[in-house]
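Participant: Sharing a structure, written as structure tokens. Questions coming.
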Amino acid sequence: MSGSDERTVKSLRELPPALAPGRDLWPEIEARLGASPGVSTARQSAAAARARAASVRWLAAAAMVACVAVGVWVGRDLVPVGAPGAAPVPTASGTTSATPLSEGAAVDAAYVSDPRYRHQRAELMKSVQARLEAMPEPARAKVAASLAAIETAKKDLESALGKDPSNALLQELLINTYQDEMRVLTDVHEIGDPSRGI
Amino acid sequence: MQAQMKDGRVDWEGGLVQRAAAGDSRAFERLYREHSGRVYGLCLRLTRDAHLAEDCTQDTFINAWKALPQFETRSSLATWLHRIAVNVSLGKRRKSSPVFEPEPEDDEGGLGDWALETPVEVRELETAIGELPDGARDALVLHALYGYSHGEAAQMLGIAVGTCKAQLHRARKLLRERLKMEVN
């Protein structure tokens, strides 16, 4: 025992918890850290795997947005466009669409003008903007382009509904698009959460 | 270095842990310098062999380096290192001298502040502790010297809390006999 200290103590708790080893142990530890290739390699592999996983997740989100947008575009092409409507309807971006829409369609899409929905969407958009800035450039460009595509598709659907307000398929597509957009925004928001390791 | 605020204080250790976990061996060396004395002291008291304690200390830090990416920064690094040190020390001790030691029955006598009736030289006290049976010494070192609760010490040693208390009771009794004084 290296407790060569001759001082006295009145309790076991006064014994020093730290003792000095007879030699410096660090050089051997350092040599073993460097000599164990598995350690640094595994650490680098883990970091690379995390980076790959992050990249894949971003690309998956971008692909999901693109799929939804394409689906909406296809739907727009398939559905016949009817007569023009009358009333304006708020778009998902919170502004009022320039395209007139009938009262019936406005009722069907009424949830998009719900203040709770608009508040939640505005919050998500703010967060997603911040996430986009932190993304790698290629992924950011893809997500931004996809979000722009889905926005355009929404406007087209609203426009088509303005011409054919009673078209149930168009109404359903529009509602689905809003829901998909929220889902995508939520996904991007969650994927970019720093606490999740991205 | 990236420092963080913790309880109003700058948490340099948290930054060092993050850097070490990312593979920075210089940051890990600073953590080693900060904690090696307590880790070595613990290993030495558990193994009673300076060379074995040095090996245990080195293995503790090697194991810590490997496991650092999994370390939860919310918990105490010292406690985490001590857990590793206890595992390494008990493992090496079992290999070097496997001794069957019957577990004492549960007892509540392990409480108290470990005050001595009269002052004792550190060397004499360390010798008395070193002569205790392994189980009693393990519990005493973790609880009385390193300040771990009965539950924490029991968990580190892989024994029941009642057994840990019984070992402390036994340690107190044996110390009393060897030091020829009350250990309260």
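Just remember, in the structure tokens the first chain shown is A, the second B, etc., residues are 1-based per chain, and ligands are 1-based in the order shown.
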Within 6 Å of chain A, which residues of chain B show up when using only C-alpha atoms, listed as a ChimeraX atom specification?
Facilitator: /B:37-38,41,58,114-116,119-123,144-145
Participant: Hey, can you spit out that residue selection with N, CA and C atoms as a PDB file, in the first residue's frame?
Facilitator:
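After the write, result38.pdb holds the following:
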```
ATOM      1  N   GLY B  37      -5.840   9.111 -10.182  1.00  0.00           N
ATOM      2  CA  GLY B  37      -5.487   8.915  -8.777  1.00  0.00           C
ATOM      3  C   GLY B  37      -6.564   8.167  -8.003  1.00  0.00           C
ATOM      4  N   ARG B  38      -7.790   8.588  -8.200  1.00  0.00           N
ATOM      5  CA  ARG B  38      -8.903   7.931  -7.488  1.00  0.00           C
ATOM      6  C   ARG B  38      -9.128   6.520  -8.025  1.00  0.00           C
ATOM      7  N   GLY B  41      -6.302   4.444  -6.647  1.00  0.00           N
ATOM      8  CA  GLY B  41      -6.536   4.226  -5.212  1.00  0.00           C
ATOM      9  C   GLY B  41      -7.584   3.147  -4.987  1.00  0.00           C
ATOM     10  N   GLN B  58      -4.866   0.769 -15.855  1.00  0.00           N
ATOM     11  CA  GLN B  58      -4.701   0.890 -17.314  1.00  0.00           C
ATOM     12  C   GLN B  58      -5.891   0.256 -18.048  1.00  0.00           C
ATOM     13  N   TRP B 114     -18.136   6.062  10.426  1.00  0.00           N
ATOM     14  CA  TRP B 114     -16.804   5.459  10.418  1.00  0.00           C
ATOM     15  C   TRP B 114     -15.778   6.310  11.166  1.00  0.00           C
ATOM     16  N   ALA B 115     -16.244   6.942  12.254  1.00  0.00           N
ATOM     17  CA  ALA B 115     -15.335   7.735  13.075  1.00  0.00           C
ATOM     18  C   ALA B 115     -14.556   6.805  14.001  1.00  0.00           C
ATOM     19  N   LEU B 116     -13.306   7.178  14.246  1.00  0.00           N
ATOM     20  CA  LEU B 116     -12.444   6.358  15.107  1.00  0.00           C
ATOM     21  C   LEU B 116     -12.417   6.948  16.514  1.00  0.00           C
ATOM     22  N   PRO B 119      -7.403   9.191  17.088  1.00  0.00           N
ATOM     23  CA  PRO B 119      -6.755   9.329  15.772  1.00  0.00           C
ATOM     24  C   PRO B 119      -5.776   8.184  15.488  1.00  0.00           C
ATOM     25  N   VAL B 120      -5.738   7.801  14.228  1.00  0.00           N
ATOM     26  CA  VAL B 120      -4.872   6.690  13.812  1.00  0.00           C
ATOM     27  C   VAL B 120      -4.056   7.143  12.614  1.00  0.00           C
ATOM     28  N   GLU B 121      -2.821   6.654  12.541  1.00  0.00           N
ATOM     29  CA  GLU B 121      -1.992   6.987  11.376  1.00  0.00           C
ATOM     30  C   GLU B 121      -2.601   6.390  10.116  1.00  0.00           C
ATOM     31  N   VAL B 122      -2.484   7.139   9.043  1.00  0.00           N
ATOM     32  CA  VAL B 122      -3.045   6.687   7.766  1.00  0.00           C
ATOM     33  C   VAL B 122      -2.487   5.310   7.409  1.00  0.00           C
ATOM     34  N   ARG B 123      -1.170   5.165   7.585  1.00  0.00           N
ATOM     35  CA  ARG B 123      -0.542   3.899   7.190  1.00  0.00           C
ATOM     36  C   ARG B 123      -1.141   2.720   7.976  1.00  0.00           C
ATOM     37  N   ALA B 144     -17.258   3.587   2.738  1.00  0.00           N
ATOM     38  CA  ALA B 144     -16.649   4.490   3.717  1.00  0.00           C
ATOM     39  C   ALA B 144     -15.602   5.410   3.108  1.00  0.00           C
ATOM     40  N   LEU B 145     -14.847   4.917   2.128  1.00  0.00           N
ATOM     41  CA  LEU B 145     -13.776   5.748   1.575  1.00  0.00           C
ATOM     42  C   LEU B 145     -14.231   6.544   0.353  1.00  0.00           C
TER      43      LEU B 145
END
```
Participant: Between B:Trp80, B:Ala53, B:Leu142, B:Gly151, which has the minimum distance to Ala67 (chain B) (counting only C-alpha atoms)?
Facilitator: B:Trp80
Participant: I'd like to know which of B:Asp113, B:Asp49, B:Ala153, B:Cys164 is closest to Gly135 (chain B), using only C-alpha atoms.
Facilitator: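 Of B:Asp113, B:Asp49, B:Ala153, B:Cys164, the one nearest Gly135 (chain B), counting only C-alpha atoms, is B:Cys164.
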